[in-house]
file final-v6.cif (mmCIF, C-alpha atoms)
data_data
#
loop_
_atom_site.label_atom_id
_atom_site.label_comp_id
_atom_site.auth_asym_id
_atom_site.auth_seq_id
_atom_site.Cartn_x
_atom_site.Cartn_y
_atom_site.Cartn_z
CA MET A 1 -128.87 89.84 15.90
CA LYS A 2 -130.09 88.36 12.61
CA ASN A 3 -133.47 87.39 14.14
CA ARG A 4 -133.89 90.92 15.51
CA SER A 5 -133.23 92.41 12.09
CA LEU A 6 -135.82 90.14 10.45
CA GLU A 7 -138.28 90.88 13.21
CA ALA A 8 -137.92 94.63 12.62
CA ILE A 9 -138.92 94.42 8.96
CA LYS A 10 -141.81 91.92 9.32
CA SER A 11 -145.21 93.42 8.51
CA LYS A 12 -147.27 94.12 11.61
CA VAL A 13 -150.60 95.72 12.34
CA LYS A 14 -151.96 97.45 15.44
CA ILE A 15 -155.68 96.82 15.92
CA SER A 16 -158.41 97.89 18.32
CA ILE A 17 -160.77 95.25 19.79
CA LYS A 18 -163.97 96.47 21.43
CA GLY A 19 -166.65 94.40 23.18
CA LYS A 20 -167.56 92.53 26.35
CA ASN A 21 -164.97 90.27 27.94
CA VAL A 22 -162.14 91.02 25.47
CA ASN A 23 -159.77 88.84 27.56
CA ARG A 24 -161.66 85.73 26.51
CA TYR A 25 -161.25 86.65 22.86
CA LEU A 26 -157.51 87.19 23.34
CA LEU A 27 -157.21 83.69 24.84
CA LYS A 28 -159.06 82.35 21.83
CA LEU A 29 -156.48 83.99 19.56
CA ALA A 30 -153.64 82.42 21.51
CA ARG A 31 -155.21 78.96 21.28
CA ASN A 32 -155.32 79.42 17.50
CA HIS A 33 -151.53 80.09 17.42
CA ILE A 34 -151.85 83.80 16.73
CA SER A 35 -148.87 85.64 18.22
CA ILE A 36 -149.85 88.73 20.21
CA LEU A 37 -146.68 90.84 20.14
CA HIS A 38 -148.04 93.52 22.43
CA SER A 39 -151.32 94.27 24.22
CA GLU A 40 -152.56 97.43 25.90
CA LYS A 41 -155.76 97.75 27.91
CA ILE A 42 -157.56 101.00 27.12
CA ASP A 43 -160.59 100.36 29.34
CA ALA A 44 -162.85 97.45 30.46
CA GLN A 45 -164.22 97.01 26.94
CA GLU A 46 -161.27 97.91 24.65
CA TYR A 47 -157.77 96.57 24.02
CA PHE A 48 -155.05 97.58 21.58
CA ILE A 49 -152.97 94.63 20.34
CA ILE A 50 -150.11 94.26 17.84
CA ILE A 51 -150.01 91.10 15.68
CA TYR A 52 -148.28 89.99 12.50
CA TYR A 53 -150.10 91.19 9.41
CA LYS A 54 -150.26 87.61 8.06
CA ASP A 55 -152.54 86.71 11.02
CA TYR A 56 -154.92 89.63 10.50
CA GLU A 57 -157.34 87.74 8.22
CA LYS A 58 -157.45 84.83 10.70
CA VAL A 59 -158.29 87.28 13.50
CA LYS A 60 -161.23 88.62 11.51
CA LYS A 61 -162.50 85.09 10.79
CA LEU A 62 -162.40 84.15 14.51
CA ASN A 63 -164.36 87.29 15.40
CA THR A 64 -168.04 86.93 16.15
CA ILE A 65 -169.26 89.77 18.37
CA TYR A 66 -166.30 92.15 18.65
CA ASP A 67 -165.64 95.42 16.84
CA ILE A 68 -162.18 95.20 15.22
CA SER A 69 -160.47 98.11 13.43
CA VAL A 70 -156.92 98.85 12.21
CA ILE A 71 -155.11 101.71 14.00
CA GLU A 72 -151.78 101.61 12.15
CA TYR A 73 -149.42 99.38 10.22
CA GLY A 74 -145.81 98.59 11.10
CA GLY A 75 -142.63 96.95 9.77
CA PHE A 76 -142.18 96.43 6.05
CA LEU A 77 -145.85 97.07 5.34
CA LYS A 78 -145.61 100.48 6.98
CA LYS A 79 -142.58 101.38 4.87
CA LYS A 80 -144.38 100.14 1.78
CA ARG A 81 -147.47 102.25 2.49
CA GLN A 82 -145.29 105.29 3.23
CA PHE A 83 -143.49 104.76 -0.06
CA HIS A 84 -146.79 104.60 -1.97
CA GLN A 85 -147.97 107.77 -0.28
CA GLN A 86 -144.72 109.63 -1.12
CA LYS A 87 -143.76 107.89 -4.36
CA TRP A 88 -144.45 110.90 -6.60
CA VAL A 89 -142.36 113.16 -4.41
CA ILE A 90 -139.55 110.58 -4.46
CA VAL A 91 -139.86 110.14 -8.22
CA MET A 92 -139.73 113.92 -8.76
CA LEU A 93 -136.69 114.26 -6.50
CA LEU A 94 -134.91 111.45 -8.35
CA PHE A 95 -135.84 113.04 -11.66
CA ALA A 96 -134.58 116.41 -10.44
CA LEU A 97 -131.29 114.80 -9.35
CA LEU A 98 -130.90 113.07 -12.71
CA PHE A 99 -131.79 116.32 -14.44
CA LEU A 100 -129.09 118.22 -12.52
CA ILE A 101 -126.51 115.53 -13.36
CA LEU A 102 -127.40 115.83 -17.05
CA LEU A 103 -127.21 119.62 -16.88
CA SER A 104 -123.75 119.45 -15.29
CA HIS A 105 -122.54 117.55 -18.39
CA MET A 106 -123.99 120.05 -20.85
CA ILE A 107 -122.52 123.23 -22.27
CA PHE A 108 -124.41 126.48 -21.66
CA GLU A 109 -121.89 129.05 -22.91
CA ILE A 110 -119.27 129.38 -25.64
CA GLU A 111 -116.71 132.10 -24.87
CA ILE A 112 -114.43 133.25 -27.68
CA VAL A 113 -111.39 135.12 -26.37
CA THR A 114 -109.82 137.15 -29.17
CA ASN A 115 -109.39 140.67 -30.49
CA ASP A 116 -110.40 139.59 -34.01
CA LYS A 117 -114.17 140.24 -33.98
CA THR A 118 -114.47 139.58 -37.71
CA PHE A 119 -113.25 135.98 -37.55
CA ARG A 120 -115.00 135.35 -34.20
CA ASN A 121 -118.49 134.81 -35.70
CA GLN A 122 -117.11 132.57 -38.44
CA LEU A 123 -115.33 130.42 -35.85
CA LEU A 124 -118.53 130.08 -33.80
CA GLN A 125 -120.38 128.75 -36.84
CA GLU A 126 -117.61 126.25 -37.61
CA LEU A 127 -117.54 124.99 -34.01
CA LYS A 128 -121.26 124.17 -34.32
CA GLN A 129 -120.39 121.72 -37.09
CA TYR A 130 -118.40 119.76 -34.50
CA ASP A 131 -121.29 119.94 -31.95
CA ILE A 132 -119.47 122.54 -29.87
CA ASP A 133 -122.53 124.62 -29.14
CA LYS A 134 -124.93 125.57 -26.37
CA PHE A 135 -127.12 122.76 -24.96
CA HIS A 136 -124.86 120.00 -26.31
CA PHE A 137 -123.11 117.45 -24.13
CA GLN A 138 -119.48 118.02 -23.27
CA LYS A 139 -116.78 116.31 -25.29
CA SER A 140 -113.74 114.48 -23.96
CA TYR A 141 -110.30 116.06 -23.87
CA GLN A 142 -109.17 113.87 -26.77
CA GLN A 143 -112.15 114.91 -28.91
CA LEU A 144 -111.44 118.59 -28.24
CA GLN A 145 -107.81 118.14 -29.27
CA GLU A 146 -108.86 116.46 -32.53
CA ILE A 147 -111.27 119.30 -33.33
CA LYS A 148 -108.54 121.85 -32.56
CA GLU A 149 -106.11 120.15 -34.94
CA LYS A 150 -108.72 120.08 -37.72
CA LEU A 151 -109.45 123.80 -37.33
CA LEU A 152 -105.74 124.65 -37.35
CA GLU A 153 -105.29 122.61 -40.51
CA ILE A 154 -108.23 124.31 -42.26
CA HIS A 155 -107.25 127.85 -41.17
CA HIS A 156 -103.47 127.57 -41.12
CA GLU A 157 -103.24 130.90 -42.99
CA ASP A 158 -105.58 132.72 -40.58
CA ILE A 159 -104.89 131.25 -37.13
CA GLU A 160 -101.52 131.36 -35.40
CA TRP A 161 -102.58 129.58 -32.19
CA LEU A 162 -105.81 127.94 -30.92
CA GLU A 163 -106.91 126.36 -27.64
CA ILE A 164 -110.27 124.87 -26.56
CA GLU A 165 -110.75 124.30 -22.84
CA SER A 166 -113.71 123.05 -20.84
CA ILE A 167 -114.50 125.09 -17.69
CA GLY A 168 -117.52 123.74 -15.81
CA THR A 169 -120.44 124.13 -18.22
CA LYS A 170 -118.58 126.51 -20.52
CA TYR A 171 -116.14 126.15 -23.41
CA ARG A 172 -113.49 128.85 -23.59
CA VAL A 173 -111.93 129.13 -27.04
CA ARG A 174 -108.78 131.22 -27.33
CA PHE A 175 -107.07 131.97 -30.59
CA GLU A 176 -104.50 134.35 -32.00
CA PRO A 177 -104.94 135.38 -35.64
CA ARG A 178 -101.95 135.22 -37.91
CA ILE A 179 -100.77 138.80 -38.24
CA VAL A 180 -100.31 140.12 -41.75
CA GLU A 181 -98.52 143.44 -41.76
CA PRO A 182 -100.76 145.96 -43.55
CA GLU A 183 -99.32 148.43 -45.95
CA LYS A 184 -98.59 151.64 -44.14
CA GLU A 185 -100.77 154.54 -45.15
CA GLU A 186 -99.16 157.91 -45.32
CA THR A 187 -100.52 160.38 -42.80
CA PRO A 188 -101.69 163.56 -44.53
CA TYR A 189 -99.90 166.81 -43.80
CA ARG A 190 -101.67 168.57 -40.94
CA HIS A 191 -101.66 171.00 -38.05
CA VAL A 192 -102.67 170.13 -34.48
CA ILE A 193 -105.38 172.63 -33.56
CA ALA A 194 -107.60 173.43 -30.56
CA LYS A 195 -110.96 171.65 -30.56
CA LYS A 196 -112.58 174.34 -28.39
CA ASN A 197 -111.88 177.59 -26.60
CA ALA A 198 -109.53 177.00 -23.66
CA ILE A 199 -106.48 178.08 -21.70
CA LEU A 200 -103.60 175.95 -22.98
CA LYS A 201 -102.17 173.86 -20.10
CA LYS A 202 -100.06 171.03 -21.49
CA ILE A 203 -98.60 169.64 -24.74
CA GLU A 204 -97.57 165.96 -24.89
CA GLY A 205 -95.49 164.14 -27.48
CA SER A 206 -95.27 167.00 -29.93
CA HIS A 207 -93.89 166.51 -33.42
CA GLY A 208 -93.90 169.74 -35.36
CA GLN A 209 -93.47 173.41 -34.48
CA VAL A 210 -95.27 174.55 -31.30
CA VAL A 211 -96.62 178.05 -32.00
CA GLN A 212 -98.58 178.77 -28.79
CA ASP A 213 -97.33 179.32 -25.24
CA LEU A 214 -98.71 177.51 -22.22
CA ASN A 215 -101.28 179.35 -20.06
CA THR A 216 -102.45 181.46 -23.01
CA TYR A 217 -106.05 181.67 -24.17
CA VAL A 218 -106.69 179.87 -27.48
CA LYS A 219 -109.84 179.78 -29.57
CA LYS A 220 -111.41 176.87 -31.37
CA GLY A 221 -109.42 176.20 -34.58
CA ASP A 222 -106.24 177.97 -33.45
CA VAL A 223 -103.05 176.16 -34.53
CA ILE A 224 -101.10 174.81 -31.55
CA ILE A 225 -98.52 172.59 -33.29
CA SER A 226 -97.82 173.64 -36.85
CA GLY A 227 -97.06 171.22 -39.68
CA TYR A 228 -95.05 173.97 -41.40
CA LEU A 229 -91.46 174.04 -40.16
CA SER A 230 -90.06 177.56 -40.29
CA LEU A 231 -86.62 179.09 -39.88
CA ASN A 232 -86.10 182.83 -39.55
CA GLY A 233 -89.69 183.41 -40.53
CA GLN A 234 -89.44 181.31 -43.72
CA VAL A 235 -91.26 177.95 -44.18
CA LYS A 236 -88.69 175.25 -45.00
CA ASP A 237 -90.65 171.99 -44.85
CA THR A 238 -94.10 170.41 -44.32
CA ILE A 239 -94.83 167.48 -41.99
CA SER A 240 -97.75 165.79 -40.31
CA ALA A 241 -97.85 167.41 -36.88
CA GLU A 242 -98.41 165.13 -33.88
CA GLY A 243 -99.16 165.70 -30.23
CA THR A 244 -101.85 165.78 -27.57
CA ILE A 245 -102.90 169.10 -26.13
CA TYR A 246 -104.73 169.72 -22.88
CA GLY A 247 -106.52 172.86 -21.83
CA GLU A 248 -108.73 174.35 -19.17
CA THR A 249 -112.28 174.47 -20.53
CA TRP A 250 -115.60 175.52 -19.01
CA TYR A 251 -119.07 174.04 -18.67
CA GLU A 252 -122.33 175.27 -17.23
CA VAL A 253 -124.43 172.40 -15.86
CA GLU A 254 -128.02 172.55 -14.62
CA VAL A 255 -129.04 169.80 -12.20
CA PHE A 256 -132.21 169.06 -10.22
CA TYR A 257 -132.19 166.90 -7.09
CA PRO A 258 -135.51 165.89 -5.44
CA PHE A 259 -136.03 165.73 -1.67
CA GLY A 260 -137.15 162.14 -2.17
CA TYR A 261 -134.50 160.62 -4.45
CA TYR A 262 -134.42 157.22 -6.16
CA GLU A 263 -131.98 156.20 -8.84
CA ARG A 264 -131.18 152.74 -10.17
CA THR A 265 -128.28 152.49 -12.60
CA LYS A 266 -126.53 149.62 -14.34
CA THR A 267 -122.87 149.08 -13.47
CA GLY A 268 -122.01 147.55 -16.85
CA ARG A 269 -121.37 144.07 -15.45
CA GLU A 270 -123.64 141.41 -16.90
CA LYS A 271 -123.83 137.65 -17.36
CA ASP A 272 -126.12 134.78 -18.37
CA VAL A 273 -127.17 132.46 -15.55
CA TYR A 274 -129.03 129.15 -15.88
CA VAL A 275 -131.59 128.48 -13.16
CA VAL A 276 -133.42 125.29 -12.19
CA GLU A 277 -136.82 126.12 -10.66
CA PHE A 278 -138.45 123.34 -8.62
CA LEU A 279 -141.77 124.16 -6.92
CA SER A 280 -141.05 127.41 -5.04
CA HIS A 281 -137.27 126.88 -4.99
CA ARG A 282 -134.64 128.13 -7.45
CA ILE A 283 -131.08 126.91 -7.93
CA GLU A 284 -128.63 129.07 -9.92
CA LEU A 285 -126.20 126.74 -11.69
CA PHE A 286 -122.50 127.53 -11.27
CA ASN A 287 -123.14 131.16 -10.28
CA PHE A 288 -120.36 131.45 -7.71
CA HIS A 289 -120.40 135.27 -7.51
CA PRO A 290 -124.06 136.39 -7.66
CA PHE A 291 -125.01 140.05 -8.02
CA TYR A 292 -126.52 141.60 -4.89
CA ASP A 293 -128.73 143.97 -6.90
CA LYS A 294 -129.65 143.05 -10.46
CA ILE A 295 -132.02 143.65 -13.36
CA THR A 296 -133.15 140.35 -14.88
CA THR A 297 -134.72 139.21 -18.15
CA ARG A 298 -135.89 135.58 -18.36
CA GLU A 299 -136.18 132.94 -21.08
CA ILE A 300 -137.73 129.52 -20.31
CA LEU A 301 -135.66 126.78 -21.99
CA LEU A 302 -137.25 123.57 -20.70
CA GLU A 303 -140.71 123.16 -19.18
CA LYS A 304 -143.30 120.38 -19.00
CA LYS A 305 -146.92 121.21 -18.29
CA GLY A 306 -148.08 119.85 -14.94
CA PHE A 307 -144.53 119.10 -13.77
CA PRO A 308 -143.08 121.60 -11.26
CA LEU A 309 -139.57 121.68 -12.72
CA ARG A 310 -138.16 123.92 -15.43
CA LEU A 311 -134.88 125.30 -16.75
CA VAL A 312 -134.66 129.08 -17.17
CA LYS A 313 -131.98 131.27 -18.74
CA GLU A 314 -131.63 134.63 -17.00
CA HIS A 315 -129.71 137.58 -18.38
CA GLN A 316 -128.58 139.41 -15.25
CA GLU A 317 -127.28 142.99 -15.24
CA GLU A 318 -125.75 144.28 -12.03
CA ALA A 319 -127.47 147.41 -10.72
CA HIS A 320 -126.74 150.07 -8.13
CA THR A 321 -129.69 151.63 -6.32
CA ILE A 322 -129.64 154.94 -4.43
CA SER A 323 -132.67 155.78 -2.32
CA SER A 324 -132.87 158.67 0.15
CA ILE A 325 -135.03 161.43 1.66
CA GLU A 326 -133.13 164.72 1.93
CA THR A 327 -133.45 168.07 3.68
CA ALA A 328 -132.95 171.23 1.62
CA ASP A 329 -129.26 171.45 2.62
CA GLY A 330 -128.74 167.72 2.08
CA ALA A 331 -130.40 167.85 -1.34
CA MET A 332 -128.11 170.74 -2.34
CA VAL A 333 -124.99 168.77 -1.37
CA SER A 334 -126.31 165.69 -3.19
CA ALA A 335 -127.13 167.79 -6.26
CA ILE A 336 -123.53 169.08 -6.41
CA GLU A 337 -122.17 165.52 -6.01
CA LEU A 338 -124.48 164.31 -8.78
CA ALA A 339 -123.36 167.10 -11.13
CA VAL A 340 -119.67 166.41 -10.43
CA SER A 341 -120.27 162.69 -11.03
CA LYS A 342 -121.97 163.37 -14.37
CA VAL A 343 -119.16 165.66 -15.56
CA ASN A 344 -116.51 163.14 -14.47
CA HIS A 345 -118.35 160.47 -16.41
CA LEU A 346 -117.72 162.44 -19.61
CA LEU A 347 -113.98 162.80 -18.97
CA GLY A 348 -111.13 160.49 -19.96
CA GLU A 349 -108.38 158.94 -17.88
CA LYS A 350 -106.09 162.00 -17.84
CA GLU A 351 -108.91 164.54 -17.63
CA GLU A 352 -110.37 165.96 -14.42
CA VAL A 353 -112.58 168.62 -12.85
CA LEU A 354 -110.38 171.51 -11.67
CA ASN A 355 -113.00 173.60 -9.89
CA TYR A 356 -116.70 174.36 -9.72
CA LYS A 357 -118.99 177.09 -8.39
CA VAL A 358 -122.75 177.24 -7.86
CA ILE A 359 -123.89 180.35 -9.78
CA HIS A 360 -127.65 179.93 -9.32
CA ARG A 361 -129.84 178.00 -6.90
CA LYS A 362 -133.63 177.63 -6.67
CA LEU A 363 -135.57 175.87 -3.94
CA GLU A 364 -138.67 174.24 -5.46
CA THR A 365 -141.57 172.42 -3.77
CA ASP A 366 -140.17 168.96 -4.52
CA GLY A 367 -136.41 169.58 -4.72
CA VAL A 368 -133.44 171.83 -5.41
CA ARG A 369 -132.38 173.15 -8.83
CA LEU A 370 -128.79 174.35 -9.28
CA VAL A 371 -126.76 175.86 -12.09
CA ILE A 372 -123.06 175.04 -11.60
CA PHE A 373 -120.07 176.48 -13.44
CA PHE A 374 -117.28 173.91 -13.99
CA SER A 375 -113.63 174.45 -14.84
CA VAL A 376 -112.26 171.26 -16.46
CA TYR A 377 -108.84 170.00 -17.53
CA GLU A 378 -109.40 168.04 -20.75
CA ASP A 379 -108.00 166.91 -24.07
CA ILE A 380 -108.70 169.57 -26.72
CA THR A 381 -106.73 167.94 -29.56
CA ASP A 382 -108.00 168.27 -33.12
CA TYR A 383 -106.43 168.25 -36.59
CA GLU A 384 -106.51 170.35 -39.75
CA GLU A 385 -105.15 169.10 -43.07
CA ILE A 386 -102.76 171.37 -44.92
CA THR A 387 -101.18 171.48 -48.37
CA PRO A 388 -97.43 170.91 -48.61
CA TYR A 389 -95.30 174.00 -48.86
CA VAL A 390 -93.71 174.56 -52.28
CA GLU A 391 -90.76 176.91 -52.36
CA GLU A 392 -91.17 179.71 -54.89
CA LYS A 393 -88.32 180.14 -57.39
CA ASN A 394 -87.11 183.50 -58.70
CA GLU A 395 -87.03 184.13 -62.43
CA GLU A 396 -83.28 184.83 -62.20
CA ASP A 397 -82.77 181.23 -61.06
CA ASN A 398 -84.18 180.02 -64.40
CA ILE A 399 -81.74 182.09 -66.57
#
call {"tool": "encode", "arguments": {"input": "final-v6.cif", "output": "structure tokens"}}
result
Amino acid sequence: MKNRSLEAIKSKVKISIKGKNVNRYLLKLARNHISILHSEKIDAQEYFIIIYYKDYEKVKKLNTIYDISVIEYGGFLKKKRQFHQQKWVIVMLLFALLFLILLSHMIFEIEIVTNDKTFRNQLLQELKQYDIDKFHFQKSYQQLQEIKEKLLEIHHEDIEWLEIESIGTKYRVRFEPRIVEPEKEETPYRHVIAKKNAILKKIEGSHGQVVQDLNTYVKKGDVIISGYLSLNGQVKDTISAEGTIYGETWYEVEVFYPFGYYERTKTGREKDVYVVEFLSHRIELFNFHPFYDKITTREILLEKKGFPLRLVKEHQEEAHTISSIETADGAMVSAIELAVSKVNHLLGEKEEVLNYKVIHRKLETDGVRLVIFFSVYEDITDYEEITPYVEEKNEEDNI
């Protein structure tokens, strides 16, 4: 078994011998102790033979009248020649592998999880002093704990709790600011009034004197919850009225929908993705949930001229694309759906479209134009400051 293994890696060469009476030349090689591992007769004047590469120079010296040429190499020499032919590809692949290993030990994102936006930027700058920043190598768990303790010591009056965790190629920093109870500001005396004309539908969490009935028409500026508390028609006290009022309001919306419709909108989801580009291939690093449809802006971070490998930072925004060709009836339905969607987009969580009616339609050469009347249930809360009531005293009370 050992001899077979050595035999397999020995350098060999396959040569062509052309001329008259090639058999006589092969006997001559044998008499000179040249091992012929394999021979193949091509025709009367040509043979292919395989010999050890170390005997090739001796074969050429013994040749006098024959035409000898190399067909291919074998064994270790073949592997060596193949390696030389592919060495740059192998070197680039090894470099790419090493590059990916290095990238996997670097940090590409610092995420600060907190509600305190003011202190967030300050903390980012301080973390940079400890080399916790983009494009720096990751630190050990013990190093992160030491940095955490130092920050807590420095900001013991500002930070209640702090944690630094390593997630893939990202640091997530969570902290809770120390809460200092602010001095309570007194709410000014006020009425709750209607922000726009509406039919009053609902009053939530009222504090004050409700002066309007439900299902009545109110105008913009009308008092709904009064800050003046009255008894038997006489004002007795002044407070800051509270409450949320909802009413039925009305909108007139004009919308145009083309027969050939294309719309691409952003969903609001976005992220930064790091991409390794090698030749015509691209590898997105640690992007486990890629966007199906996206709008991308690129920034090249690492690139070497003449070398087909670079690191790119992509800012990806998820998109939603609608593309269709409509008939007149289909365009009208789509126009109504688009108008309803746009109105809903303006409404809050507890607000909704109650009803709608197309009051004008026009068929144009390239689409449909509609005017739609909407009835909407929405928050119409507004406030009006008032002066505190001062009870008038009679002159008799001063005698």
call {"tool": "closest_residue", "arguments": {"input": "final-v6.cif", "among": "A:Ile36, A:Glu242, A:Lys18, A:Lys220", "to": "Asn63 in chain A", "atoms": "all atoms listed in the file"}}
result
A:Lys18
call {"tool": "closest_residue", "arguments": {"input": "final-v6.cif", "among": "A:Tyr251, A:Tyr228, A:Tyr274, A:Tyr262", "to": "Val353 in chain A", "atoms": "all atoms listed in the file"}}
result
A:Tyr251
call {"tool": "closest_residue", "arguments": {"input": "final-v6.cif", "among": "A:Val390, A:Ile245, A:Val13, A:Leu152", "to": "Glu351 in chain A", "atoms": "only C-alpha atoms"}}
result
A:Ile245
call {"tool": "resolve_selection", "arguments": {"input": "final-v6.cif", "expression": "the PyMOL selection byres ((chain A and resi 284-287) around 12)", "output": "VMD selection string"}}
result
chain A and resid 100 to 101 103 to 109 167 to 170 271 to 278 281 to 283 288 to 291 311 to 314 316
call {"tool": "resolve_selection", "arguments": {"input": "final-v6.cif", "expression": "the PyMOL selection byres ((chain A and resi 373-387) around 8)", "output": "PDB file with C-alpha atoms, in the frame of the given file"}}
result
ATOM      1  CA  PRO A 188    -101.690 163.560 -44.530  1.00  0.00           C
ATOM      2  CA  TYR A 189     -99.900 166.810 -43.800  1.00  0.00           C
ATOM      3  CA  ARG A 190    -101.670 168.570 -40.940  1.00  0.00           C
ATOM      4  CA  HIS A 191    -101.660 171.000 -38.050  1.00  0.00           C
ATOM      5  CA  VAL A 192    -102.670 170.130 -34.480  1.00  0.00           C
ATOM      6  CA  ILE A 193    -105.380 172.630 -33.560  1.00  0.00           C
ATOM      7  CA  ALA A 194    -107.600 173.430 -30.560  1.00  0.00           C
ATOM      8  CA  LYS A 195    -110.960 171.650 -30.560  1.00  0.00           C
ATOM      9  CA  LYS A 196    -112.580 174.340 -28.390  1.00  0.00           C
ATOM     10  CA  GLY A 227     -97.060 171.220 -39.680  1.00  0.00           C
ATOM     11  CA  GLY A 243     -99.160 165.700 -30.230  1.00  0.00           C
ATOM     12  CA  THR A 244    -101.850 165.780 -27.570  1.00  0.00           C
ATOM     13  CA  ILE A 245    -102.900 169.100 -26.130  1.00  0.00           C
ATOM     14  CA  TYR A 246    -104.730 169.720 -22.880  1.00  0.00           C
ATOM     15  CA  GLY A 247    -106.520 172.860 -21.830  1.00  0.00           C
ATOM     16  CA  GLU A 248    -108.730 174.350 -19.170  1.00  0.00           C
ATOM     17  CA  THR A 249    -112.280 174.470 -20.530  1.00  0.00           C
ATOM     18  CA  TRP A 250    -115.600 175.520 -19.010  1.00  0.00           C
ATOM     19  CA  TYR A 251    -119.070 174.040 -18.670  1.00  0.00           C
ATOM     20  CA  GLU A 252    -122.330 175.270 -17.230  1.00  0.00           C
ATOM     21  CA  VAL A 253    -124.430 172.400 -15.860  1.00  0.00           C
ATOM     22  CA  LEU A 347    -113.980 162.800 -18.970  1.00  0.00           C
ATOM     23  CA  GLY A 348    -111.130 160.490 -19.960  1.00  0.00           C
ATOM     24  CA  LYS A 350    -106.090 162.000 -17.840  1.00  0.00           C
ATOM     25  CA  GLU A 351    -108.910 164.540 -17.630  1.00  0.00           C
ATOM     26  CA  GLU A 352    -110.370 165.960 -14.420  1.00  0.00           C
ATOM     27  CA  VAL A 353    -112.580 168.620 -12.850  1.00  0.00           C
ATOM     28  CA  LEU A 354    -110.380 171.510 -11.670  1.00  0.00           C
ATOM     29  CA  ASN A 355    -113.000 173.600  -9.890  1.00  0.00           C
ATOM     30  CA  TYR A 356    -116.700 174.360  -9.720  1.00  0.00           C
ATOM     31  CA  LYS A 357    -118.990 177.090  -8.390  1.00  0.00           C
ATOM     32  CA  VAL A 358    -122.750 177.240  -7.860  1.00  0.00           C
ATOM     33  CA  ILE A 359    -123.890 180.350  -9.780  1.00  0.00           C
ATOM     34  CA  VAL A 371    -126.760 175.860 -12.090  1.00  0.00           C
ATOM     35  CA  ILE A 372    -123.060 175.040 -11.600  1.00  0.00           C
ATOM     36  CA  PRO A 388     -97.430 170.910 -48.610  1.00  0.00           C
ATOM     37  CA  TYR A 389     -95.300 174.000 -48.860  1.00  0.00           C
TER      38      TYR A 389
END
call {"tool": "closest_residue", "arguments": {"input": "final-v6.cif", "among": "A:Glu270, A:His207, A:Asn23, A:Trp161", "to": "Thr297 in chain A", "atoms": "all atoms listed in the file"}}
result
A:Glu270
call {"tool": "resolve_selection", "arguments": {"input": "final-v6.cif", "expression": "the PyMOL selection byres ((chain A and resi 208) around 7)", "output": "list in words"}}
result
Ser206, His207, Gln209, Val210, Ile225, Ser226, Gly227, Leu229, Ala241 and Glu242 of chain A
call {"tool": "atom_distance", "arguments": {"input": "final-v6.cif", "atom1": "CA of Lys201 in chain A", "atom2": "CA of Leu346 in chain A"}}
result
19.3 Å
call {"tool": "residues_around", "arguments": {"input": "final-v6.cif", "residues": "Ile110 in chain A", "least_positions_apart": "5", "cutoff": "10 Å", "atoms": "all atoms listed in the file", "output": "list in words"}}
result
Leu124, Leu127, Ile132, Asp133, Lys134, Ser166, Thr169, Lys170, Tyr171, Arg172 and Val173 of chain A
